[in-house]
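work-v8.pdb (PDB, C-alpha atoms)
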ATOM      1  CA  MET F   1     232.946 181.076 251.811
ATOM      2  CA  THR F   2     230.444 183.560 253.279
ATOM      3  CA  ARG F   3     231.018 185.437 256.512
ATOM      4  CA  ASP F   4     228.302 183.350 258.196
ATOM      5  CA  GLU F   5     230.016 180.147 257.119
ATOM      6  CA  ILE F   6     233.328 181.415 258.483
ATOM      7  CA  PHE F   7     231.637 182.395 261.744
ATOM      8  CA  GLY F   8     230.046 178.936 261.944
ATOM      9  CA  LYS F   9     233.389 177.199 261.565
ATOM     10  CA  VAL F  10     235.079 179.513 264.089
ATOM     11  CA  ARG F  11     232.233 178.852 266.523
ATOM     12  CA  ASP F  12     232.632 175.083 266.119
ATOM     13  CA  VAL F  13     236.383 175.372 266.739
ATOM     14  CA  LEU F  14     235.863 177.424 269.912
ATOM     15  CA  VAL F  15     233.102 175.138 271.205
ATOM     16  CA  ASP F  16     235.434 172.188 270.719
ATOM     17  CA  ALA F  17     238.623 173.804 272.078
ATOM     18  CA  LEU F  18     237.106 175.609 275.061
ATOM     19  CA  ALA F  19     234.186 173.306 275.926
ATOM     20  CA  VAL F  20     231.679 176.184 275.809
ATOM     21  CA  ASP F  21     228.099 176.192 274.513
ATOM     22  CA  ASP F  22     227.204 177.379 271.002
ATOM     23  CA  ASP F  23     225.242 180.352 272.268
ATOM     24  CA  GLU F  24     228.145 181.630 274.356
ATOM     25  CA  VAL F  25     230.161 182.180 271.189
ATOM     26  CA  THR F  26     228.867 185.614 270.197
ATOM     27  CA  PRO F  27     230.842 188.046 268.002
ATOM     28  CA  THR F  28     231.682 190.322 270.940
ATOM     29  CA  ALA F  29     232.665 187.541 273.397
ATOM     30  CA  THR F  30     236.340 187.721 274.430
ATOM     31  CA  LEU F  31     238.346 184.507 274.370
ATOM     32  CA  THR F  32     239.983 184.871 277.774
ATOM     33  CA  GLY F  33     237.312 186.866 279.599
ATOM     34  CA  ASP F  34     233.998 185.468 278.375
ATOM     35  CA  LEU F  35     235.005 182.042 277.059
ATOM     36  CA  GLY F  36     237.599 181.177 279.696
ATOM     37  CA  ALA F  37     240.532 180.500 277.342
ATOM     38  CA  GLU F  38     243.923 179.953 278.978
ATOM     39  CA  SER F  39     247.304 180.441 277.321
ATOM     40  CA  ILE F  40     247.591 176.808 276.221
ATOM     41  CA  ASP F  41     244.177 176.997 274.540
ATOM     42  CA  PHE F  42     245.623 179.443 272.010
ATOM     43  CA  LEU F  43     247.829 176.764 270.467
ATOM     44  CA  ASP F  44     244.841 174.408 270.402
ATOM     45  CA  ILE F  45     242.721 177.063 268.660
ATOM     46  CA  VAL F  46     245.492 177.675 266.091
ATOM     47  CA  PHE F  47     245.710 173.936 265.328
ATOM     48  CA  LYS F  48     241.941 173.550 265.063
ATOM     49  CA  LEU F  49     241.542 176.608 262.806
ATOM     50  CA  GLU F  50     244.259 175.230 260.518
ATOM     51  CA  GLN F  51     242.339 171.970 260.259
ATOM     52  CA  ALA F  52     238.942 173.582 259.782
ATOM     53  CA  PHE F  53     240.037 176.049 257.092
ATOM     54  CA  GLY F  54     243.010 174.271 255.534
ATOM     55  CA  PHE F  55     245.431 177.177 255.867
ATOM     56  CA  LYS F  56     248.666 177.454 257.845
ATOM     57  CA  ILE F  57     248.986 179.985 260.672
ATOM     58  CA  GLY F  58     252.516 181.216 261.383
ATOM     59  CA  GLN F  59     253.902 181.645 264.884
ATOM     60  CA  GLY F  60     252.728 184.987 266.297
ATOM     61  CA  GLU F  61     250.408 185.589 263.350
ATOM     62  CA  LEU F  62     247.091 185.174 265.153
ATOM     63  CA  PHE F  63     248.119 185.617 268.793
ATOM     64  CA  PRO F  64     251.028 187.746 270.079
ATOM     65  CA  ASP F  65     254.420 186.219 270.474
ATOM     66  CA  ASN F  66     256.311 187.442 273.526
ATOM     67  CA  VAL F  67     255.428 191.115 273.093
ATOM     68  CA  GLN F  68     254.471 191.195 276.756
ATOM     69  CA  GLN F  69     257.980 190.225 277.833
ATOM     70  CA  ASP F  70     259.631 193.171 276.082
ATOM     71  CA  PRO F  71     260.425 195.927 278.658
ATOM     72  CA  LYS F  72     260.047 198.524 275.914
ATOM     73  CA  TYR F  73     256.435 197.528 275.458
ATOM     74  CA  VAL F  74     255.396 196.971 279.066
ATOM     75  CA  LYS F  75     256.012 199.399 281.946
ATOM     76  CA  ASP F  76     254.586 199.289 285.495
ATOM     77  CA  GLY F  77     252.080 196.605 284.580
ATOM     78  CA  LYS F  78     250.763 198.596 281.635
ATOM     79  CA  VAL F  79     251.254 198.286 277.904
ATOM     80  CA  THR F  80     253.064 201.372 276.612
ATOM     81  CA  PRO F  81     251.817 203.291 273.544
ATOM     82  CA  GLU F  82     254.791 201.752 271.676
ATOM     83  CA  GLY F  83     253.613 198.339 272.819
ATOM     84  CA  ILE F  84     250.073 198.945 271.587
ATOM     85  CA  ALA F  85     251.433 200.218 268.268
ATOM     86  CA  ALA F  86     253.612 197.079 267.941
ATOM     87  CA  LEU F  87     250.675 194.805 268.746
ATOM     88  CA  LYS F  88     248.451 196.656 266.301
ATOM     89  CA  ALA F  89     251.004 196.304 263.535
ATOM     90  CA  ARG F  90     251.356 192.584 264.155
ATOM     91  CA  LEU F  91     247.723 191.816 264.855
ATOM     92  CA  PRO F  92     245.557 194.017 262.620
ATOM     93  CA  HIS F  93     242.564 191.696 263.145
ATOM     94  CA  ALA F  94     242.401 192.267 266.926
ATOM     95  CA  ASP F  95     240.140 194.752 268.709
ATOM     96  CA  PHE F  96     242.207 197.339 270.613
ATOM     97  CA  SER F  97     239.462 199.738 271.696
ATOM     98  CA  LYS F  98     239.216 198.470 275.280
ATOM     99  CA  LEU F  99     242.964 198.015 275.722
ATOM    100  CA  GLU F 100     243.640 201.571 274.590
ATOM    101  CA  ALA F 101     241.177 202.871 277.176
ATOM    102  CA  ASP F 102     242.682 200.706 279.939
ATOM    103  CA  PRO F 103     246.143 199.428 278.934
ATOM    104  CA  GLN F 104     246.740 197.079 281.865
ATOM    105  CA  ILE F 105     248.800 194.037 280.883
ATOM    106  CA  SER F 106     246.092 191.769 282.294
ATOM    107  CA  LYS F 107     243.672 193.176 279.716
ATOM    108  CA  VAL F 108     245.708 192.140 276.671
ATOM    109  CA  GLY F 109     243.673 188.936 276.325
ATOM    110  CA  GLY F 110     240.592 191.109 275.736
ATOM    111  CA  ILE F 111     241.816 192.147 272.290
ATOM    112  CA  PHE F 112     240.774 188.726 271.023
ATOM    113  CA  THR F 113     237.063 188.620 270.474
ATOM    114  CA  VAL F 114     235.254 185.983 268.409
ATOM    115  CA  GLU F 115     234.781 188.687 265.767
ATOM    116  CA  SER F 116     238.554 189.268 265.609
ATOM    117  CA  ILE F 117     239.141 185.578 264.904
ATOM    118  CA  VAL F 118     236.477 185.643 262.165
ATOM    119  CA  ARG F 119     238.186 188.738 260.694
ATOM    120  CA  PHE F 120     241.552 186.964 260.760
ATOM    121  CA  CYS F 121     240.165 183.886 258.972
ATOM    122  CA  GLU F 122     238.343 186.003 256.434
ATOM    123  CA  LYS F 123     241.591 187.789 255.575
ATOM    124  CA  LYS F 124     243.533 184.520 255.360
ATOM    125  CA  LEU F 125     240.936 182.988 253.057
ATOM    126  CA  GLY F 126     240.863 186.148 250.927
ATOM    127  CA  ALA F 127     244.645 186.061 250.576
ATOM    128  CA  ALA F 128     244.492 182.389 249.603
ATOM    129  CA  ALA F 129     241.853 183.101 246.945
ATOM    130  CA  VAL F 130     243.967 185.879 245.415
ATOM    131  CA  ARG F 131     246.974 183.579 245.246
TER     132      ARG F 131
ATOM    133  CA  MET C   1     262.976 157.443 288.737
ATOM    134  CA  ARG C   2     260.079 158.597 286.725
ATOM    135  CA  TRP C   3     257.332 156.026 286.445
ATOM    136  CA  MET C   4     256.949 154.563 283.011
ATOM    137  CA  TRP C   5     253.492 153.460 281.982
ATOM    138  CA  ILE C   6     254.554 151.702 278.816
ATOM    139  CA  ASP C   7     256.733 148.604 278.679
ATOM    140  CA  ARG C   8     257.850 148.543 275.083
ATOM    141  CA  ILE C   9     257.621 150.416 271.819
ATOM    142  CA  VAL C  10     256.527 147.950 269.129
ATOM    143  CA  GLU C  11     256.308 150.230 266.094
ATOM    144  CA  LEU C  12     257.592 153.653 265.151
ATOM    145  CA  VAL C  13     257.021 155.567 261.945
ATOM    146  CA  PRO C  14     258.908 158.817 262.646
ATOM    147  CA  ARG C  15     256.710 161.943 262.783
ATOM    148  CA  GLU C  16     253.643 159.808 262.003
ATOM    149  CA  ARG C  17     252.786 157.068 264.489
ATOM    150  CA  LEU C  18     254.057 155.146 267.472
ATOM    151  CA  VAL C  19     252.637 151.984 268.993
ATOM    152  CA  ALA C  20     253.505 150.866 272.530
ATOM    153  CA  ILE C  21     252.289 148.151 274.866
ATOM    154  CA  LYS C  22     251.878 147.789 278.597
ATOM    155  CA  ASN C  23     251.360 144.563 280.440
ATOM    156  CA  VAL C  24     249.105 145.110 283.439
ATOM    157  CA  SER C  25     250.260 143.072 286.438
ATOM    158  CA  LEU C  26     248.710 142.053 289.738
ATOM    159  CA  ALA C  27     252.046 142.948 291.332
ATOM    160  CA  GLU C  28     251.442 146.648 290.697
ATOM    161  CA  GLU C  29     250.420 148.134 294.013
ATOM    162  CA  HIS C  30     248.497 151.068 292.601
ATOM    163  CA  LEU C  31     245.949 148.647 291.175
ATOM    164  CA  HIS C  32     245.024 147.560 294.666
ATOM    165  CA  ASP C  33     244.937 151.103 296.000
ATOM    166  CA  HIS C  34     242.635 152.335 293.276
ATOM    167  CA  PHE C  35     239.589 150.452 294.495
ATOM    168  CA  ALA C  36     240.852 149.328 297.874
ATOM    169  CA  ALA C  37     239.119 146.588 299.843
ATOM    170  CA  ALA C  38     235.967 147.717 301.600
ATOM    171  CA  GLU C  39     233.774 146.110 304.181
ATOM    172  CA  GLY C  40     232.282 142.962 302.698
ATOM    173  CA  ARG C  41     234.538 142.726 299.615
ATOM    174  CA  GLY C  42     238.182 142.422 298.706
ATOM    175  CA  ALA C  43     240.204 144.882 296.666
ATOM    176  CA  LEU C  44     239.167 145.360 293.030
ATOM    177  CA  PRO C  45     242.419 145.600 291.137
ATOM    178  CA  ILE C  46     241.698 147.828 288.146
ATOM    179  CA  MET C  47     244.112 149.860 286.036
ATOM    180  CA  PRO C  48     243.261 153.510 286.857
ATOM    181  CA  ALA C  49     241.957 155.430 283.837
ATOM    182  CA  SER C  50     244.255 158.343 284.715
ATOM    183  CA  LEU C  51     247.265 156.054 284.265
ATOM    184  CA  ILE C  52     245.935 154.783 280.935
ATOM    185  CA  ILE C  53     245.849 158.434 279.844
ATOM    186  CA  GLU C  54     249.421 158.828 281.145
ATOM    187  CA  GLY C  55     250.436 155.744 279.147
ATOM    188  CA  MET C  56     249.061 157.357 276.004
ATOM    189  CA  ALA C  57     250.789 160.632 276.946
ATOM    190  CA  GLN C  58     254.127 158.804 277.155
ATOM    191  CA  THR C  59     253.458 156.993 273.864
ATOM    192  CA  ALA C  60     252.492 160.173 272.008
ATOM    193  CA  GLY C  61     255.135 162.219 273.844
ATOM    194  CA  ILE C  62     257.930 159.950 272.581
ATOM    195  CA  LEU C  63     256.518 160.204 269.048
ATOM    196  CA  VAL C  64     256.523 164.022 269.233
ATOM    197  CA  GLY C  65     259.916 164.189 270.977
ATOM    198  CA  HIS C  66     261.523 161.793 268.507
ATOM    199  CA  ALA C  67     260.559 164.099 265.616
ATOM    200  CA  GLU C  68     263.066 166.716 266.808
ATOM    201  CA  GLY C  69     265.683 164.310 268.124
ATOM    202  CA  PHE C  70     264.451 164.847 271.734
ATOM    203  CA  ALA C  71     265.787 168.411 271.668
ATOM    204  CA  GLU C  72     262.402 169.907 272.610
ATOM    205  CA  LYS C  73     260.877 169.711 276.079
ATOM    206  CA  VAL C  74     257.585 168.098 275.112
ATOM    207  CA  ILE C  75     254.989 168.810 277.782
ATOM    208  CA  LEU C  76     251.453 167.435 277.908
ATOM    209  CA  ALA C  77     249.360 170.571 277.657
ATOM    210  CA  LYS C  78     245.805 169.403 277.159
ATOM    211  CA  VAL C  79     243.723 166.259 277.163
ATOM    212  CA  GLY C  80     241.307 167.091 274.365
ATOM    213  CA  LEU C  81     239.348 163.873 274.638
ATOM    214  CA  ALA C  82     239.516 160.747 276.764
ATOM    215  CA  GLU C  83     236.950 157.977 276.355
ATOM    216  CA  LEU C  84     237.426 154.522 277.848
ATOM    217  CA  GLU C  85     234.611 152.051 277.515
ATOM    218  CA  ARG C  86     235.940 149.135 279.490
ATOM    219  CA  GLU C  87     237.937 148.437 282.638
ATOM    220  CA  VAL C  88     241.417 146.970 282.321
ATOM    221  CA  THR C  89     242.476 144.317 284.802
ATOM    222  CA  PRO C  90     245.660 142.370 285.677
ATOM    223  CA  GLY C  91     246.802 139.846 283.106
ATOM    224  CA  GLN C  92     245.662 141.986 280.194
ATOM    225  CA  THR C  93     247.865 143.873 277.766
ATOM    226  CA  LEU C  94     247.208 147.464 276.763
ATOM    227  CA  ARG C  95     248.200 148.730 273.351
ATOM    228  CA  TYR C  96     248.496 152.445 272.680
ATOM    229  CA  THR C  97     248.605 153.790 269.126
ATOM    230  CA  ALA C  98     249.394 157.486 268.807
ATOM    231  CA  VAL C  99     249.142 159.300 265.475
ATOM    232  CA  VAL C 100     250.318 162.866 264.852
ATOM    233  CA  ARG C 101     247.465 165.075 263.735
ATOM    234  CA  GLN C 102     249.416 168.334 263.622
ATOM    235  CA  MET C 103     252.939 169.314 264.527
ATOM    236  CA  ASP C 104     254.896 172.537 264.247
ATOM    237  CA  ARG C 105     257.532 174.545 266.109
ATOM    238  CA  MET C 106     255.136 175.367 268.960
ATOM    239  CA  GLY C 107     253.864 171.883 269.700
ATOM    240  CA  ALA C 108     251.754 169.027 268.430
ATOM    241  CA  SER C 109     248.346 167.403 268.643
ATOM    242  CA  THR C 110     247.870 163.651 268.532
ATOM    243  CA  GLU C 111     245.055 161.148 268.164
ATOM    244  CA  GLY C 112     245.285 157.987 270.208
ATOM    245  CA  THR C 113     243.605 154.596 270.173
ATOM    246  CA  VAL C 114     243.567 152.412 273.277
ATOM    247  CA  GLU C 115     243.182 148.665 272.814
ATOM    248  CA  VAL C 116     243.255 145.795 275.242
ATOM    249  CA  MET C 117     244.122 142.144 274.787
ATOM    250  CA  ASP C 118     242.793 139.521 277.167
ATOM    251  CA  HIS C 119     245.159 136.550 277.068
ATOM    252  CA  ALA C 120     242.355 134.255 278.217
ATOM    253  CA  ARG C 121     240.051 135.312 275.390
ATOM    254  CA  GLY C 122     241.844 134.557 272.168
ATOM    255  CA  GLY C 123     244.646 137.067 272.481
ATOM    256  CA  VAL C 124     243.093 139.584 270.118
ATOM    257  CA  PHE C 125     243.385 143.336 270.651
ATOM    258  CA  GLU C 126     240.038 145.084 270.925
ATOM    259  CA  LYS C 127     239.555 148.848 270.864
ATOM    260  CA  ILE C 128     238.330 150.195 274.192
ATOM    261  CA  GLY C 129     238.794 153.916 273.781
ATOM    262  CA  ARG C 130     240.360 157.055 272.456
ATOM    263  CA  VAL C 131     242.685 159.622 273.997
ATOM    264  CA  ASP C 132     243.502 162.789 272.018
ATOM    265  CA  LEU C 133     246.241 164.999 273.387
ATOM    266  CA  MET C 134     248.039 168.255 272.809
ATOM    267  CA  PHE C 135     251.684 168.886 273.576
ATOM    268  CA  SER C 136     253.587 172.127 273.924
ATOM    269  CA  HIS C 137     257.253 172.580 273.124
ATOM    270  CA  LEU C 138     258.011 174.287 276.416
ATOM    271  CA  ASP C 139     260.870 176.499 275.196
ATOM    272  CA  GLN C 140     258.654 177.860 272.398
ATOM    273  CA  ASN C 141     255.747 178.731 274.678
ATOM    274  CA  MET C 142     253.998 181.993 273.985
ATOM    275  CA  SER C 143     254.401 183.435 277.477
ATOM    276  CA  GLY C 144     258.172 183.647 277.000
ATOM    277  CA  GLU C 145     258.924 181.982 280.381
ATOM    278  CA  LYS C 146     262.411 180.510 280.708
ATOM    279  CA  PHE C 147     262.939 176.919 281.833
ATOM    280  CA  PRO C 148     266.059 174.909 282.798
ATOM    281  CA  GLU C 149     268.514 174.211 279.974
ATOM    282  CA  HIS C 150     268.658 170.436 280.289
ATOM    283  CA  ASN C 151     265.824 168.362 278.909
ATOM    284  CA  PHE C 152     264.158 167.183 282.119
ATOM    285  CA  VAL C 153     261.273 165.608 280.168
ATOM    286  CA  PHE C 154     263.166 162.870 278.374
ATOM    287  CA  GLY C 155     265.302 161.461 281.173
ATOM    288  CA  GLU C 156     266.875 158.091 281.831
ATOM    289  CA  SER C 157     263.576 156.182 282.102
ATOM    290  CA  PHE C 158     262.600 157.188 278.587
ATOM    291  CA  LYS C 159     266.065 156.357 277.294
ATOM    292  CA  THR C 160     265.772 152.902 278.836
ATOM    293  CA  VAL C 161     262.427 152.191 277.156
ATOM    294  CA  LEU C 162     263.810 153.372 273.811
ATOM    295  CA  ALA C 163     266.950 151.274 274.170
ATOM    296  CA  MET C 164     264.999 148.157 275.182
ATOM    297  CA  SER C 165     262.724 148.679 272.190
ATOM    298  CA  GLY C 166     265.572 149.088 269.753
ATOM    299  CA  VAL C 167     264.716 152.694 268.944
ATOM    300  CA  ALA C 168     267.710 154.971 268.397
ATOM    301  CA  TRP C 169     267.994 158.074 270.597
ATOM    302  CA  GLY C 170     267.744 161.044 268.278
TER     303      GLY C 170
END

What do you get writing this file as structure tokens?
Amino acid sequence: MTRDEIFGKVRDVLVDALAVDDDEVTPTATLTGDLGAESIDFLDIVFKLEQAFGFKIGQGELFPDNVQQDPKYVKDGKVTPEGIAALKARLPHADFSKLEADPQISKVGGIFTVESIVRFCEKKLGAAAVR
Amino acid sequence: MRWMWIDRIVELVPRERLVAIKNVSLAEEHLHDHFAAAEGRGALPIMPASLIIEGMAQTAGILVGHAEGFAEKVILAKVGLAELEREVTPGQTLRYTAVVRQMDRMGASTEGTVEVMDHARGGVFEKIGRVDLMFSHLDQNMSGEKFPEHNFVFGESFKTVLAMSGVAWG
């Protein structure tokens, strides 16, 4: 599957799950900021990606799983360097550039851009092909 | 008591599908309140679409809850699609068929078909719409919030419907 085909499928999933227009789904658009995703939409997106691509996504594999509740990783409303390192290790597909510049907890959603989802799917499909 | 919007479970294939019916009655007050009488006309008793969606949510919710022996708090998280093409009126019977599309530790998504049977028109169920839903297993939610220990979702009203339908609890 080419990158464009992957992007097309990701776009269709996001249009369906978030009720946004095709042209809003650009590579740099953030899920929570630009596309208005709420926490429950993440589970919907996981389910729809699984259906569209035919792979299984483990809990916490695409989106973080309770990192924000760990006092070691969050202090005074900001993600600690340890927290960012933990997120990076778990979510190598996400885009941390903005969060590193401004590590407020409210900005964590911004690490998920459309491009990061495409990257995640590309990696999953690559791993499946190798297997 | 929590309001139940299904009367009976008529078929259950665990983890796959559940079919339930609801008889719509003129004695139900909410029907009269929905399109109350106005000047020049009497009340139009019509089953509110929102309650048809709730009926499907209860149907699909039992299907999802049954899969884990009602240990999970199964919460309706999203109405992905709701299309109803016809109004439902007293004396008719609704039939909800919920099918599991996906289910894992975090939650489930279901596809639902809504049918109606008019007893005065041959007693055949006709499809009138579709309601697709998504459920979250509340204790597995990604925000890590804590909720009460006891399962407040599947209370006595649900147990009664299951018992009356001959479906074992858990």

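Taking only C-alpha atoms, the non-local environment of region 44-52 of chain C within 7 Å (same-chain residues fewer than 6 positions away omitted) comprises Leu31, His32, His34, Phe35, Ala36, Ala37, Glu87, Val88 and Thr89 of chain C.
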
Pull out every residue that the PyMOL selection byres ((chain C and resi 78) around 10) matches in the shown coordinates and put them as a compact mmCIF listing (two decimals) with C-alpha atoms, keeping the file's coordinate frame.
# COMPACT_ATOMS: atom_id res chain seq x y z
CA ALA F 17 238.62 173.80 272.08
CA ILE F 40 247.59 176.81 276.22
CA ASP F 41 244.18 177.00 274.54
CA ASP F 44 244.84 174.41 270.40
CA ILE C 75 254.99 168.81 277.78
CA LEU C 76 251.45 167.44 277.91
CA ALA C 77 249.36 170.57 277.66
CA VAL C 79 243.72 166.26 277.16
CA GLY C 80 241.31 167.09 274.36
CA LEU C 81 239.35 163.87 274.64
CA SER C 109 248.35 167.40 268.64
CA ASP C 132 243.50 162.79 272.02
CA LEU C 133 246.24 165.00 273.39
CA MET C 134 248.04 168.26 272.81
CA PHE C 135 251.68 168.89 273.58
CA SER C 136 253.59 172.13 273.92

message = Suppose a student applies the PyMOL selection byres ((chain C and resi 110) around 10) to this structure; what residues should they get, written as a list of chain:residue names?
response =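 In the shown coordinates, the PyMOL selection byres ((chain C and resi 110) around 10) covers C:Glu16, C:Arg17, C:Met56, C:Ala57, C:Ala60, C:Gly61, C:Leu63, C:Val64, C:Val79, C:Gly80, C:Thr97, C:Ala98, C:Val99, C:Val100, C:Arg101, C:Gln102, C:Met103, C:Ala108, C:Ser109, C:Glu111, C:Gly112, C:Val131, C:Asp132, C:Leu133, C:Met134, C:Phe135.
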
Selected residues written out with C-alpha atoms, as an mmCIF file, in the coordinates of the input:
data_model
loop_
_atom_site.group_PDB
_atom_site.id
_atom_site.type_symbol
_atom_site.label_atom_id
_atom_site.label_comp_id
_atom_site.auth_asym_id
_atom_site.auth_seq_id
_atom_site.Cartn_x
_atom_site.Cartn_y
_atom_site.Cartn_z
ATOM 1 C CA GLU C 16 253.643 159.808 262.003
ATOM 2 C CA ARG C 17 252.786 157.068 264.489
ATOM 3 C CA MET C 56 249.061 157.357 276.004
ATOM 4 C CA ALA C 57 250.789 160.632 276.946
ATOM 5 C CA ALA C 60 252.492 160.173 272.008
ATOM 6 C CA GLY C 61 255.135 162.219 273.844
ATOM 7 C CA LEU C 63 256.518 160.204 269.048
ATOM 8 C CA VAL C 64 256.523 164.022 269.233
ATOM 9 C CA VAL C 79 243.723 166.259 277.163
ATOM 10 C CA GLY C 80 241.307 167.091 274.365
ATOM 11 C CA THR C 97 248.605 153.790 269.126
ATOM 12 C CA ALA C 98 249.394 157.486 268.807
ATOM 13 C CA VAL C 99 249.142 159.300 265.475
ATOM 14 C CA VAL C 100 250.318 162.866 264.852
ATOM 15 C CA ARG C 101 247.465 165.075 263.735
ATOM 16 C CA GLN C 102 249.416 168.334 263.622
ATOM 17 C CA MET C 103 252.939 169.314 264.527
ATOM 18 C CA ALA C 108 251.754 169.027 268.430
ATOM 19 C CA SER C 109 248.346 167.403 268.643
ATOM 20 C CA GLU C 111 245.055 161.148 268.164
ATOM 21 C CA GLY C 112 245.285 157.987 270.208
ATOM 22 C CA VAL C 131 242.685 159.622 273.997
ATOM 23 C CA ASP C 132 243.502 162.789 272.018
ATOM 24 C CA LEU C 133 246.241 164.999 273.387
ATOM 25 C CA MET C 134 248.039 168.255 272.809
ATOM 26 C CA PHE C 135 251.684 168.886 273.576
#

task = Write down, as a PyMOL selection string, each residue of chain F that has any atom within 12 Å of an atom of chain C, counting all atoms listed in the file.
result = chain F and resi 15-19+38-51+54+56-70

key: Resolved residues for the PyMOL selection byres ((chain C and resi 20) around 8) as JSON, numbers by chain   = {"C": [6, 7, 8, 9, 10, 11, 18, 19, 21, 22, 59, 95, 96, 97]}

note = Here CA of Arg90 (chain F) and CA of Lys75 (chain F) stand apart by 19.6 Å
